[in-house]
$ cat data05.cif   # mmCIF, C-alpha atoms
data_target
loop_
_atom_site.label_atom_id
_atom_site.label_comp_id
_atom_site.auth_asym_id
_atom_site.auth_seq_id
_atom_site.Cartn_x
_atom_site.Cartn_y
_atom_site.Cartn_z
CA MET A 1 -44.30 39.49 24.00
CA LYS A 2 -47.90 38.31 24.05
CA ALA A 3 -49.13 35.11 22.37
CA ASN A 4 -50.49 36.88 19.28
CA ASP A 5 -47.62 39.35 18.88
CA THR A 6 -45.07 39.08 16.11
CA VAL A 7 -41.48 40.26 16.06
CA GLU A 8 -39.03 41.01 13.25
CA LEU A 9 -35.60 39.39 13.30
CA ASP A 10 -34.01 42.75 14.15
CA GLY A 11 -36.32 43.10 17.12
CA LEU A 12 -35.35 39.67 18.36
CA ALA A 13 -31.67 40.49 17.91
CA ARG A 14 -32.10 43.58 20.07
CA LEU A 15 -32.84 41.28 23.02
CA LEU A 16 -29.28 39.95 22.73
CA SER A 17 -27.37 43.04 21.70
CA ALA A 18 -26.81 44.48 25.18
CA SER A 19 -24.64 41.49 26.02
CA VAL A 20 -22.98 40.66 22.71
CA GLY A 21 -23.34 43.81 20.58
CA ASP A 22 -25.60 44.62 17.65
CA GLU A 23 -23.63 42.86 14.92
CA LYS A 24 -23.10 39.56 16.72
CA ALA A 25 -26.70 39.50 17.93
CA SER A 26 -28.04 40.14 14.44
CA GLY A 27 -25.78 37.51 12.91
CA ALA A 28 -26.67 34.87 15.48
CA VAL A 29 -30.42 35.47 15.12
CA ARG A 30 -30.33 35.52 11.31
CA ASP A 31 -28.21 32.35 11.15
CA ALA A 32 -30.56 30.53 13.52
CA ALA A 33 -33.65 31.73 11.62
CA ARG A 34 -32.12 30.60 8.33
CA ARG A 35 -31.42 27.13 9.76
CA LEU A 36 -35.05 26.91 10.81
CA GLY A 37 -36.32 28.23 7.46
CA LEU A 38 -37.83 31.34 9.05
CA THR A 39 -37.64 34.85 7.63
CA GLY A 40 -39.86 36.92 9.89
CA PRO A 41 -41.99 38.43 11.11
CA LEU A 42 -41.92 35.69 13.73
CA SER A 43 -44.75 34.51 15.90
CA ARG A 44 -44.06 34.17 19.60
CA ASP A 45 -43.43 30.43 19.28
CA GLU A 46 -41.15 30.95 16.27
CA ALA A 47 -39.21 33.58 18.18
CA LEU A 48 -38.74 31.13 21.04
CA ASP A 49 -37.55 28.49 18.55
CA VAL A 50 -35.01 30.91 17.10
CA LEU A 51 -33.71 31.80 20.57
CA GLU A 52 -33.50 28.11 21.41
CA ALA A 53 -31.43 27.56 18.28
CA VAL A 54 -29.16 30.49 19.22
CA ALA A 55 -28.83 29.04 22.72
CA GLU A 56 -27.28 25.91 21.22
CA GLU A 57 -24.26 28.05 20.37
CA GLY A 58 -23.30 27.95 24.06
CA GLY A 59 -21.02 30.43 25.81
CA ILE A 60 -22.05 34.02 26.33
CA VAL A 61 -24.26 34.04 23.21
CA GLY A 62 -26.08 30.92 24.37
CA VAL A 63 -26.56 32.16 27.93
CA THR A 64 -27.87 35.48 26.63
CA ALA A 65 -30.33 33.72 24.31
CA ARG A 66 -31.58 31.50 27.11
CA PHE A 67 -32.06 34.55 29.32
CA ALA A 68 -33.98 36.39 26.59
CA LYS A 69 -36.07 33.28 26.01
CA SER A 70 -36.96 33.05 29.69
CA ARG A 71 -38.06 36.67 29.69
CA ILE A 72 -40.25 36.13 26.60
CA HIS A 73 -41.76 33.07 28.29
CA LEU A 74 -42.61 35.14 31.34
CA ALA A 75 -44.16 37.96 29.30
CA ARG A 76 -47.25 35.98 28.38
CA MET B 77 -20.26 43.82 54.25
CA VAL B 78 -16.49 44.12 54.29
CA PHE B 79 -14.39 45.24 51.34
CA ALA B 80 -10.62 44.92 51.70
CA SER B 81 -7.48 45.44 49.69
CA PRO B 82 -5.33 42.33 49.23
CA ALA B 83 -2.86 44.18 51.46
CA HIS B 84 -5.06 42.80 54.24
CA SER B 85 -6.20 39.25 54.82
CA LEU B 86 -9.86 39.00 53.80
CA GLU B 87 -9.89 35.68 55.68
CA ARG B 88 -9.02 37.40 58.96
CA LEU B 89 -11.26 40.41 58.38
CA ALA B 90 -14.27 38.35 57.34
CA SER B 91 -13.77 36.07 60.32
CA ARG B 92 -13.52 39.00 62.75
CA VAL B 93 -16.55 40.81 61.33
CA THR B 94 -18.59 37.60 61.27
CA GLY B 95 -17.66 37.00 64.92
CA ALA B 96 -18.53 40.55 65.90
CA PHE B 97 -21.99 40.50 64.27
CA ALA B 98 -23.48 37.25 65.49
CA GLY B 99 -26.49 36.21 63.45
CA ALA B 100 -25.76 38.69 60.66
CA THR B 101 -25.10 37.74 57.04
CA VAL B 102 -21.58 38.99 56.29
CA LEU B 103 -20.51 39.39 52.67
CA GLY B 104 -17.09 40.48 51.46
CA ALA B 105 -14.74 41.00 48.56
CA THR B 106 -11.16 41.90 47.83
CA THR B 107 -10.78 45.30 46.19
CA SER B 108 -8.70 47.72 44.17
CA GLY B 109 -9.67 50.64 46.37
CA GLU B 110 -12.18 51.26 49.11
CA LEU B 111 -14.57 54.13 49.62
CA THR B 112 -16.94 55.76 52.06
CA GLU B 113 -18.68 59.12 51.96
CA ARG B 114 -15.46 60.60 53.34
CA GLY B 115 -13.48 59.63 50.24
CA ASP B 116 -11.44 56.69 48.99
CA THR B 117 -8.37 54.77 50.08
CA LYS B 118 -5.84 52.37 48.59
CA GLY B 119 -4.60 49.41 50.60
CA GLY B 120 -7.39 49.86 53.13
CA ALA B 121 -10.68 48.30 54.09
CA ALA B 122 -14.26 49.56 54.23
CA ALA B 123 -17.13 47.99 56.11
CA VAL B 124 -20.81 48.76 56.35
CA ALA B 125 -23.61 47.33 58.45
CA VAL B 126 -27.14 47.59 57.12
CA ALA B 127 -30.07 47.28 59.50
CA GLY B 128 -33.74 48.04 59.37
CA ALA B 129 -36.79 46.51 57.75
CA LEU B 130 -34.85 44.05 55.67
CA GLU B 131 -33.43 40.57 55.90
CA VAL B 132 -30.50 39.18 53.94
CA VAL B 133 -29.77 35.54 53.15
CA ALA B 134 -26.83 34.49 51.00
CA GLY B 135 -25.04 31.53 49.48
CA ILE B 136 -21.72 30.89 47.78
CA GLY B 137 -20.83 28.88 44.69
CA THR B 138 -17.39 27.93 43.37
CA GLY B 139 -16.01 26.83 40.01
CA LEU B 140 -17.39 30.00 38.39
CA GLY B 141 -14.97 29.94 35.47
CA ASP B 142 -15.58 26.37 34.33
CA ASP B 143 -19.29 26.15 35.05
CA PRO B 144 -21.03 29.43 35.92
CA GLU B 145 -24.44 27.77 35.85
CA ALA B 146 -23.46 25.24 38.52
CA ALA B 147 -21.83 27.96 40.63
CA VAL B 148 -24.96 30.14 40.51
CA LYS B 149 -27.18 27.16 41.27
CA ALA B 150 -25.03 26.18 44.26
CA ALA B 151 -25.12 29.71 45.64
CA LEU B 152 -28.91 29.91 45.43
CA GLU B 153 -30.04 26.39 46.18
CA ALA B 154 -30.44 26.67 49.95
CA LEU B 155 -31.91 30.16 50.01
CA PRO B 156 -35.58 30.92 50.74
CA GLU B 157 -37.43 32.63 47.89
CA SER B 158 -39.53 34.93 50.04
CA ARG B 159 -39.93 36.35 53.51
CA GLY B 160 -43.30 37.20 55.05
CA GLY B 161 -43.85 40.91 55.62
CA LEU B 162 -40.93 41.86 53.36
CA PRO B 163 -42.49 41.95 49.89
CA HIS B 164 -39.60 43.48 47.94
CA GLN B 165 -36.48 41.65 46.90
CA THR B 166 -33.12 42.76 45.48
CA GLY B 167 -30.29 40.43 44.48
CA LEU B 168 -26.76 41.33 45.47
CA LEU B 169 -23.81 39.66 43.72
CA LEU B 170 -20.12 39.62 44.50
CA LEU B 171 -17.97 37.60 42.13
CA ASP B 172 -14.42 36.85 41.07
CA PRO B 173 -13.96 38.54 37.68
CA LEU B 174 -10.77 36.66 36.92
CA ALA B 175 -13.03 33.64 36.30
CA GLY B 176 -14.02 35.49 33.10
CA THR B 177 -17.76 34.79 33.29
CA GLY B 178 -19.20 37.99 34.74
CA GLU B 179 -22.01 38.49 32.23
CA GLU B 180 -23.04 34.83 32.23
CA ALA B 181 -23.14 34.85 36.04
CA ALA B 182 -25.29 37.98 36.11
CA LEU B 183 -27.76 36.66 33.52
CA LEU B 184 -27.93 33.20 35.07
CA THR B 185 -28.61 34.73 38.48
CA ALA B 186 -31.24 37.09 37.09
CA GLY B 187 -32.88 34.18 35.28
CA ARG B 188 -33.17 32.25 38.53
CA LEU B 189 -34.31 35.16 40.68
CA GLY B 190 -37.02 36.19 38.24
CA PRO B 191 -37.96 39.31 36.28
CA ASP B 192 -39.09 41.38 39.24
CA VAL B 193 -35.86 41.14 41.22
CA PRO B 194 -33.26 43.81 40.37
CA LEU B 195 -29.61 42.88 40.73
CA ALA B 196 -26.74 44.97 42.02
CA GLY B 197 -23.17 44.05 42.79
CA GLY B 198 -19.52 44.19 42.02
CA ALA B 199 -16.61 42.14 40.80
CA ALA B 200 -13.79 41.79 43.31
CA GLY B 201 -10.41 43.45 42.70
CA ASP B 202 -6.81 42.81 43.66
CA ASP B 203 -5.12 46.23 43.52
CA LEU B 204 -4.57 45.78 39.75
CA ALA B 205 -2.28 42.75 40.17
CA MET B 206 -4.74 40.61 38.14
CA GLU B 207 -3.58 37.54 40.05
CA ARG B 208 -6.10 36.66 42.74
CA ALA B 209 -9.46 38.16 43.62
CA ALA B 210 -11.81 36.65 46.19
CA VAL B 211 -15.28 36.94 47.65
CA SER B 212 -16.52 35.87 51.04
CA LEU B 213 -19.60 34.74 52.90
CA GLY B 214 -19.27 34.56 56.66
CA ASP B 215 -15.73 33.42 57.33
CA ARG B 216 -15.50 31.44 54.07
CA VAL B 217 -13.31 33.12 51.46
CA GLU B 218 -13.11 31.77 47.91
CA SER B 219 -11.64 32.66 44.53
CA ASP B 220 -13.26 31.55 41.26
CA ALA B 221 -16.51 32.00 43.13
CA ILE B 222 -19.75 33.95 43.38
CA VAL B 223 -21.69 35.10 46.44
CA ILE B 224 -25.39 35.79 45.88
CA ALA B 225 -27.60 37.45 48.46
CA ARG B 226 -31.34 37.77 48.43
CA MET B 227 -32.21 41.02 50.21
CA PHE B 228 -35.84 41.06 51.32
CA SER B 229 -37.15 44.49 52.29
CA ARG B 230 -40.37 46.24 53.26
CA GLU B 231 -39.70 49.06 50.80
CA PRO B 232 -37.96 48.76 47.43
CA LEU B 233 -34.26 49.58 47.29
CA GLY B 234 -33.02 52.13 44.74
CA LEU B 235 -30.70 51.01 41.95
CA GLY B 236 -28.85 53.38 39.63
CA VAL B 237 -26.14 52.85 37.03
CA CYS B 238 -24.32 55.07 34.56
CA HIS B 239 -21.05 55.23 32.60
CA GLY B 240 -19.27 58.10 30.89
CA HIS B 241 -17.35 56.62 27.97
CA GLU B 242 -17.38 57.65 24.31
CA PRO B 243 -15.91 55.82 21.29
CA ILE B 244 -12.61 56.95 19.79
CA SER B 245 -12.20 54.30 17.07
CA ALA B 246 -14.13 53.03 14.09
CA PRO B 247 -15.98 49.71 14.54
CA LEU B 248 -13.47 46.86 14.90
CA GLU B 249 -14.35 43.19 14.50
CA ILE B 250 -13.35 40.63 17.10
CA THR B 251 -11.88 37.89 14.92
CA ALA B 252 -10.45 35.32 17.37
CA THR B 253 -11.29 34.58 21.00
CA GLU B 254 -10.64 31.94 23.63
CA GLY B 255 -13.01 32.12 26.58
CA ALA B 256 -12.83 35.65 27.94
CA LYS B 257 -9.60 36.33 26.04
CA VAL B 258 -9.68 38.33 22.83
CA LEU B 259 -6.82 36.98 20.73
CA GLU B 260 -7.31 39.00 17.56
CA VAL B 261 -9.10 42.11 16.39
CA GLU B 262 -9.41 42.69 12.63
CA GLY B 263 -7.21 39.61 12.15
CA ARG B 264 -4.28 41.04 14.14
CA PRO B 265 -3.15 40.59 17.74
CA ALA B 266 -5.57 42.52 19.92
CA TRP B 267 -2.94 44.59 21.71
CA GLU B 268 -1.42 45.70 18.41
CA VAL B 269 -4.80 47.08 17.32
CA TRP B 270 -5.42 48.68 20.72
CA ARG B 271 -2.06 50.40 20.65
CA GLU B 272 -2.65 51.76 17.16
CA HIS B 273 -6.15 53.06 17.78
CA THR B 274 -5.44 54.64 21.16
CA ARG B 275 -2.18 56.36 20.23
CA GLU B 276 -3.66 59.75 19.38
CA ALA B 277 -5.83 59.95 22.50
CA ALA B 278 -3.03 58.58 24.66
CA VAL B 279 -0.57 61.20 23.49
CA ARG B 280 -3.12 63.88 24.38
CA ALA B 281 -3.28 62.36 27.87
CA GLY B 282 0.52 62.33 28.14
CA LEU B 283 0.85 58.56 27.62
CA ASP B 284 2.94 56.62 25.13
CA PRO B 285 1.43 53.20 24.31
CA ASP B 286 4.73 52.10 22.74
CA ALA B 287 6.73 52.70 25.91
CA LEU B 288 4.57 51.36 28.73
CA ALA B 289 6.25 49.64 31.67
CA PRO B 290 4.67 46.24 32.38
CA GLU B 291 2.93 47.58 35.49
CA ASP B 292 1.40 50.40 33.43
CA VAL B 293 -0.28 48.16 30.85
CA THR B 294 -3.40 47.32 32.87
CA PRO B 295 -4.03 50.93 33.93
CA PHE B 296 -3.61 51.89 30.26
CA LEU B 297 -6.10 49.26 29.11
CA LEU B 298 -8.60 50.38 31.73
CA ARG B 299 -8.53 53.89 30.28
CA TYR B 300 -9.26 52.63 26.78
CA GLU B 301 -11.95 50.01 26.99
CA ALA B 302 -14.09 48.22 24.45
CA GLY B 303 -17.59 49.48 23.72
CA LEU B 304 -20.15 47.06 22.28
CA ALA B 305 -22.77 48.92 20.28
CA SER B 306 -26.25 48.21 21.56
CA GLY B 307 -28.72 50.48 19.82
CA ASP B 308 -27.76 54.08 20.61
CA GLU B 309 -25.62 53.13 23.60
CA TYR B 310 -22.33 51.38 24.26
CA LYS B 311 -21.92 48.51 26.67
CA ILE B 312 -18.43 48.88 28.09
CA ARG B 313 -16.13 45.86 28.38
CA ALA B 314 -12.85 46.27 30.26
CA PRO B 315 -9.63 44.60 29.13
CA LEU B 316 -7.97 43.56 32.39
CA SER B 317 -4.56 42.39 31.20
CA ARG B 318 -2.35 41.76 28.17
CA GLY B 319 -0.99 38.31 27.34
CA GLU B 320 2.49 37.64 25.98
CA ASP B 321 0.87 36.72 22.66
CA GLY B 322 -0.75 40.15 22.38
CA SER B 323 -4.15 38.90 23.51
CA LEU B 324 -6.31 40.86 25.95
CA ALA B 325 -8.16 39.20 28.86
CA PHE B 326 -11.59 40.58 29.72
CA ALA B 327 -13.83 40.04 32.75
CA CYS B 328 -16.46 38.47 30.53
CA PRO B 329 -16.36 37.06 27.01
CA ILE B 330 -16.86 39.06 23.84
CA PRO B 331 -17.89 36.63 21.13
CA THR B 332 -16.05 36.23 17.84
CA GLY B 333 -17.82 38.28 15.19
CA ALA B 334 -18.83 41.05 17.59
CA LYS B 335 -17.86 44.59 16.65
CA ILE B 336 -16.44 46.93 19.24
CA ARG B 337 -15.18 50.47 19.36
CA ILE B 338 -12.35 51.48 21.62
CA THR B 339 -13.58 54.13 24.04
CA GLU B 340 -12.24 56.72 26.45
CA SER B 341 -13.66 59.15 28.93
CA VAL B 342 -12.73 62.50 30.39
CA PRO B 343 -12.86 63.30 34.12
CA GLU B 344 -15.82 65.68 33.91
CA ARG B 345 -17.92 63.00 32.25
CA GLN B 346 -16.94 60.45 34.90
CA ILE B 347 -18.00 62.76 37.73
CA ALA B 348 -21.26 63.57 35.96
CA SER B 349 -22.00 59.89 35.39
CA ALA B 350 -21.47 59.08 39.09
CA ARG B 351 -23.96 61.79 40.00
CA THR B 352 -26.41 60.45 37.43
CA ALA B 353 -26.17 56.92 38.86
CA ALA B 354 -26.94 58.29 42.33
CA ARG B 355 -29.85 60.37 41.03
CA ARG B 356 -31.32 57.32 39.30
CA ALA B 357 -30.99 55.31 42.52
CA ARG B 358 -32.72 58.07 44.50
CA GLU B 359 -35.51 58.33 41.95
CA ARG B 360 -36.07 54.57 42.10
CA LEU B 361 -36.20 54.77 45.87
CA GLY B 362 -39.08 57.18 45.66
CA GLY B 363 -38.17 58.77 48.99
CA GLU B 364 -35.22 59.74 51.13
CA ALA B 365 -32.15 57.53 51.30
CA SER B 366 -30.56 56.42 54.54
CA GLY B 367 -27.33 55.26 52.91
CA ALA B 368 -25.95 53.41 49.92
CA ILE B 369 -23.53 50.80 48.75
CA VAL B 370 -21.42 51.88 45.77
CA PHE B 371 -19.67 49.64 43.27
CA ASP B 372 -17.36 51.83 41.23
CA CYS B 373 -14.99 50.68 38.51
CA ILE B 374 -11.27 51.00 39.24
CA CYS B 375 -10.81 52.43 35.76
CA ARG B 376 -12.85 55.45 36.75
CA ASN B 377 -10.37 56.01 39.56
CA LEU B 378 -7.51 55.74 37.08
CA ILE B 379 -9.13 58.36 34.88
CA LEU B 380 -10.04 60.70 37.72
CA GLY B 381 -6.92 60.35 39.86
CA ASP B 382 -7.13 62.80 42.76
CA ARG B 383 -10.53 63.92 41.51
CA PHE B 384 -12.10 60.52 42.30
CA ALA B 385 -13.13 61.97 45.68
CA GLU B 386 -15.26 64.47 43.74
CA ALA B 387 -17.19 61.61 42.19
CA VAL B 388 -17.74 60.02 45.61
CA ALA B 389 -18.86 63.37 46.99
CA ALA B 390 -21.22 63.76 44.03
CA VAL B 391 -22.87 60.43 44.86
CA ALA B 392 -23.18 61.28 48.57
CA GLY B 393 -24.48 64.76 47.80
CA GLU B 394 -27.08 63.54 45.33
CA LEU B 395 -28.40 61.15 47.99
CA GLY B 396 -28.53 63.82 50.71
CA ASP B 397 -25.07 63.43 52.23
CA VAL B 398 -25.85 59.98 53.56
CA PRO B 399 -23.30 57.34 54.62
CA LEU B 400 -21.77 55.35 51.75
CA ALA B 401 -19.52 52.33 51.58
CA GLY B 402 -18.19 50.45 48.63
CA PHE B 403 -15.19 49.45 46.63
CA GLU B 404 -13.39 49.88 43.35
CA THR B 405 -14.21 46.91 41.21
CA TYR B 406 -13.18 45.04 38.07
CA GLY B 407 -16.79 45.05 36.91
CA GLU B 408 -20.17 46.20 38.13
CA ILE B 409 -23.50 44.42 38.18
CA ALA B 410 -26.82 46.15 37.66
CA LEU B 411 -29.83 44.54 36.07
CA ASP B 412 -33.25 46.05 36.53
CA ALA B 413 -36.64 44.77 35.42
CA GLY B 414 -36.66 44.77 31.62
CA ASP B 415 -32.88 44.83 31.28
CA LEU B 416 -31.27 42.14 29.17
CA SER B 417 -27.68 42.54 30.31
CA GLY B 418 -26.28 42.85 33.80
CA PHE B 419 -22.49 43.06 33.75
CA HIS B 420 -20.91 46.46 33.22
CA ASN B 421 -17.51 48.09 33.17
CA THR B 422 -16.43 51.65 33.88
CA THR B 423 -19.72 52.36 35.54
CA THR B 424 -20.91 53.49 38.92
CA VAL B 425 -23.59 51.28 40.45
CA VAL B 426 -25.43 52.76 43.41
CA LEU B 427 -27.73 50.69 45.62
CA ALA B 428 -29.59 53.04 47.93
CA PHE B 429 -31.47 52.02 51.05
CA PRO B 430 -34.67 53.76 52.17
CA LYS B 431 -34.91 55.80 55.34
#
$ encode --input "data05.cif" --output "structure tokens"
Amino acid sequence: MKANDTVELDGLARLLSASVGDEKASGAVRDAARRLGLTGPLSRDEALDVLEAVAEEGGIVGVTARFAKSRIHLAR
Amino acid sequence: MVFASPAHSLERLASRVTGAFAGATVLGATTSGELTERGDTKGGAAAVAVAGALEVVAGIGTGLGDDPEAAVKAALEALPESRGGLPHQTGLLLLDPLAGTGEEAALLTAGRLGPDVPLAGGAAGDDLAMERAAVSLGDRVESDAIVIARMFSREPLGLGVCHGHEPISAPLEITATEGAKVLEVEGRPAWEVWREHTREAAVRAGLDPDALAPEDVTPFLLRYEAGLASGDEYKIRAPLSRGEDGSLAFACPIPTGAKIRITESVPERQIASARTAARRARERLGGEASGAIVFDCICRNLILGDRFAEAVAAVAGELGDVPLAGFETYGEIALDAGDLSGFHNTTTVVLAFPK
């Protein structure tokens, strides 16, 4: 994801779904976005904020979000 | 690398192999079956030595169940990140799946190794006892542990993965979990739901889920695994054992709120998927293979029975009848550039080496 790209919430959830499944990924991303007052499409920085908020959940969901975040960071 | 059934002492085998190959990096794992290009065994051991334009360094971390991040960090902390003249790198993981953190370990390792380093590996077995699995580095053997190797090579290695499962149930919500244990599905004890939704397929296969002997429960569960929907595909998650409370223990957590489908596979699809994994590995190699390491799920062996040798032959044939060595695992690891998940079940993972 480049600096000027945007991503929908569903697109962000797809980064997590391979580890936790579509439904859980979508729910975690939407909950985090709601807490942050974001509705999408998300800028790169907003997407990183949402993943950071998901990462706070800990466990497998949190590890997966941190991994996705690191890969977005690297895709500058 | 040495892969050995718990019928043998991995401590003694690892020590002997380490002594026999002075200066080599020796990795090992306990198994639920061992294989070479000549077929598979139970209660045996398989070993393979890899030489050529590559160098392998490895570390070990313990406490994988309680703190996978610390275990991964400990395994990697003393390892060099590059080797002059060997521009390609592949990560190789062996881990104890009974720690219940397979996916976290794979993602944490991939995060540390970086996006250009593919991962391959397997989760140790214990001949389906589900009591003690172990991995080794040199003559050190540990449970609740992970061994991570950085394999530096002149040419890229070839990684391929494929599974052959299809869903047989409607989507089912995971409603209560505890670590890697699924306590409830759809608000009921997990085993109760499993038994109900697998009955029809089980009867077709000559099995009765209501009359399983205790030693037949794990083999049954490994035939009918959970599939997490991810786009158009299913990520397979293997239930390893049943608790007295009707819970099911997995090799990595499935979060509460996730929806799964119970899956099954037929032998033809399992043989085809093994061949596909080998073909993908060969294609990634971009040239001829000299040999391969194979991490193959024990559940595929349970499905294939005597026909498992056909799957092994399919892998060897697809790679040009090269030498193979590997073991039957409780989970497989494959994470390529761009992948966002690395821990698999019921798959064949093939890591091919260039000629």
$ residues_around --input "data05.cif" --residues "Glu291 (chain B)" --least-positions-apart "3" --cutoff "9 Å" --atoms "all atoms listed in the file" --output "list in words"
Leu204, Ala205, Leu288, Thr294 and Pro295 of chain B
$ interface_residues --input "data05.cif" --of "chain B" --to "chain A" --cutoff "10 Å" --atoms "all atoms listed in the file" --output "MDAnalysis selection string"
chainID B and resid 145 177:181 183:188 190:191 249:250 255:256 303:307 309:313 328:336 414:420
$ residues_around --input "data05.cif" --residues "region 265-272 of chain B" --least-positions-apart "5" --cutoff "6 Å" --atoms "only C-alpha atoms" --output "number ranges by chain"
B: 259-260, 285, 322-323
$ resolve_selection --input "data05.cif" --expression "the PyMOL selection byres ((chain A and resi 40) around 8)" --output "list in words"
Val7, Glu8, Leu9, Leu38, Thr39, Pro41 and Leu42 of chain A
$ closest_residue --input "data05.cif" --among "B:Asp286, B:Glu364, B:Asp412, B:Glu301" --to "Gly240 (chain B)" --atoms "all atoms listed in the file"
B:Glu301
$ residues_around --input "data05.cif" --residues "Glu131 (chain B)" --least-positions-apart "5" --cutoff "8 Å" --atoms "all atoms listed in the file" --output "PyMOL selection string"
chain B and resi 227-229
$ atom_distance --input "data05.cif" --atom1 "CA of Glu242 (chain B)" --atom2 "CA of Thr422 (chain B)"
11.3 Å
$ closest_residue --input "data05.cif" --among "B:Glu87, B:Asp372, B:Glu157, B:Glu254" --to "Leu213 (chain B)" --atoms "all atoms listed in the file"
B:Glu87
$ resolve_selection --input "data05.cif" --expression "the PyMOL selection byres ((chain B and resi 346-353) around 12)" --output "PDB file with C-alpha atoms, in the frame of the given file"
ATOM      1  CA  GLY B 234     -33.020  52.130  44.740  1.00  0.00           C
ATOM      2  CA  LEU B 235     -30.700  51.010  41.950  1.00  0.00           C
ATOM      3  CA  GLY B 236     -28.850  53.380  39.630  1.00  0.00           C
ATOM      4  CA  VAL B 237     -26.140  52.850  37.030  1.00  0.00           C
ATOM      5  CA  CYS B 238     -24.320  55.070  34.560  1.00  0.00           C
ATOM      6  CA  HIS B 239     -21.050  55.230  32.600  1.00  0.00           C
ATOM      7  CA  GLY B 240     -19.270  58.100  30.890  1.00  0.00           C
ATOM      8  CA  HIS B 241     -17.350  56.620  27.970  1.00  0.00           C
ATOM      9  CA  GLU B 242     -17.380  57.650  24.310  1.00  0.00           C
ATOM     10  CA  ARG B 299      -8.530  53.890  30.280  1.00  0.00           C
ATOM     11  CA  GLU B 340     -12.240  56.720  26.450  1.00  0.00           C
ATOM     12  CA  SER B 341     -13.660  59.150  28.930  1.00  0.00           C
ATOM     13  CA  VAL B 342     -12.730  62.500  30.390  1.00  0.00           C
ATOM     14  CA  PRO B 343     -12.860  63.300  34.120  1.00  0.00           C
ATOM     15  CA  GLU B 344     -15.820  65.680  33.910  1.00  0.00           C
ATOM     16  CA  ARG B 345     -17.920  63.000  32.250  1.00  0.00           C
ATOM     17  CA  ALA B 354     -26.940  58.290  42.330  1.00  0.00           C
ATOM     18  CA  ARG B 355     -29.850  60.370  41.030  1.00  0.00           C
ATOM     19  CA  ARG B 356     -31.320  57.320  39.300  1.00  0.00           C
ATOM     20  CA  ALA B 357     -30.990  55.310  42.520  1.00  0.00           C
ATOM     21  CA  ARG B 358     -32.720  58.070  44.500  1.00  0.00           C
ATOM     22  CA  GLU B 359     -35.510  58.330  41.950  1.00  0.00           C
ATOM     23  CA  ARG B 360     -36.070  54.570  42.100  1.00  0.00           C
ATOM     24  CA  ALA B 368     -25.950  53.410  49.920  1.00  0.00           C
ATOM     25  CA  ILE B 369     -23.530  50.800  48.750  1.00  0.00           C
ATOM     26  CA  VAL B 370     -21.420  51.880  45.770  1.00  0.00           C
ATOM     27  CA  PHE B 371     -19.670  49.640  43.270  1.00  0.00           C
ATOM     28  CA  ASP B 372     -17.360  51.830  41.230  1.00  0.00           C
ATOM     29  CA  CYS B 373     -14.990  50.680  38.510  1.00  0.00           C
ATOM     30  CA  ILE B 374     -11.270  51.000  39.240  1.00  0.00           C
ATOM     31  CA  CYS B 375     -10.810  52.430  35.760  1.00  0.00           C
ATOM     32  CA  ARG B 376     -12.850  55.450  36.750  1.00  0.00           C
ATOM     33  CA  ASN B 377     -10.370  56.010  39.560  1.00  0.00           C
ATOM     34  CA  LEU B 378      -7.510  55.740  37.080  1.00  0.00           C
ATOM     35  CA  ILE B 379      -9.130  58.360  34.880  1.00  0.00           C
ATOM     36  CA  LEU B 380     -10.040  60.700  37.720  1.00  0.00           C
ATOM     37  CA  GLY B 381      -6.920  60.350  39.860  1.00  0.00           C
ATOM     38  CA  ASP B 382      -7.130  62.800  42.760  1.00  0.00           C
ATOM     39  CA  ARG B 383     -10.530  63.920  41.510  1.00  0.00           C
ATOM     40  CA  PHE B 384     -12.100  60.520  42.300  1.00  0.00           C
ATOM     41  CA  ALA B 385     -13.130  61.970  45.680  1.00  0.00           C
ATOM     42  CA  GLU B 386     -15.260  64.470  43.740  1.00  0.00           C
ATOM     43  CA  ALA B 387     -17.190  61.610  42.190  1.00  0.00           C
ATOM     44  CA  VAL B 388     -17.740  60.020  45.610  1.00  0.00           C
ATOM     45  CA  ALA B 389     -18.860  63.370  46.990  1.00  0.00           C
ATOM     46  CA  ALA B 390     -21.220  63.760  44.030  1.00  0.00           C
ATOM     47  CA  VAL B 391     -22.870  60.430  44.860  1.00  0.00           C
ATOM     48  CA  ALA B 392     -23.180  61.280  48.570  1.00  0.00           C
ATOM     49  CA  GLY B 393     -24.480  64.760  47.800  1.00  0.00           C
ATOM     50  CA  GLU B 394     -27.080  63.540  45.330  1.00  0.00           C
ATOM     51  CA  LEU B 395     -28.400  61.150  47.990  1.00  0.00           C
ATOM     52  CA  GLY B 396     -28.530  63.820  50.710  1.00  0.00           C
ATOM     53  CA  ALA B 410     -26.820  46.150  37.660  1.00  0.00           C
ATOM     54  CA  THR B 422     -16.430  51.650  33.880  1.00  0.00           C
ATOM     55  CA  THR B 423     -19.720  52.360  35.540  1.00  0.00           C
ATOM     56  CA  THR B 424     -20.910  53.490  38.920  1.00  0.00           C
ATOM     57  CA  VAL B 425     -23.590  51.280  40.450  1.00  0.00           C
ATOM     58  CA  VAL B 426     -25.430  52.760  43.410  1.00  0.00           C
ATOM     59  CA  LEU B 427     -27.730  50.690  45.620  1.00  0.00           C
ATOM     60  CA  ALA B 428     -29.590  53.040  47.930  1.00  0.00           C
TER      61      ALA B 428
END
$ atom_distance --input "data05.cif" --atom1 "CA of Leu168 (chain B)" --atom2 "CA of Ala200 (chain B)"
13.2 Å
$ resolve_selection --input "data05.cif" --expression "the PyMOL selection byres ((chain B and resi 102-112) around 7)" --output "count of residues only"
40
$ atom_distance --input "data05.cif" --atom1 "CA of Lys431 (chain B)" --atom2 "CA of Gly363 (chain B)"
7.7 Å
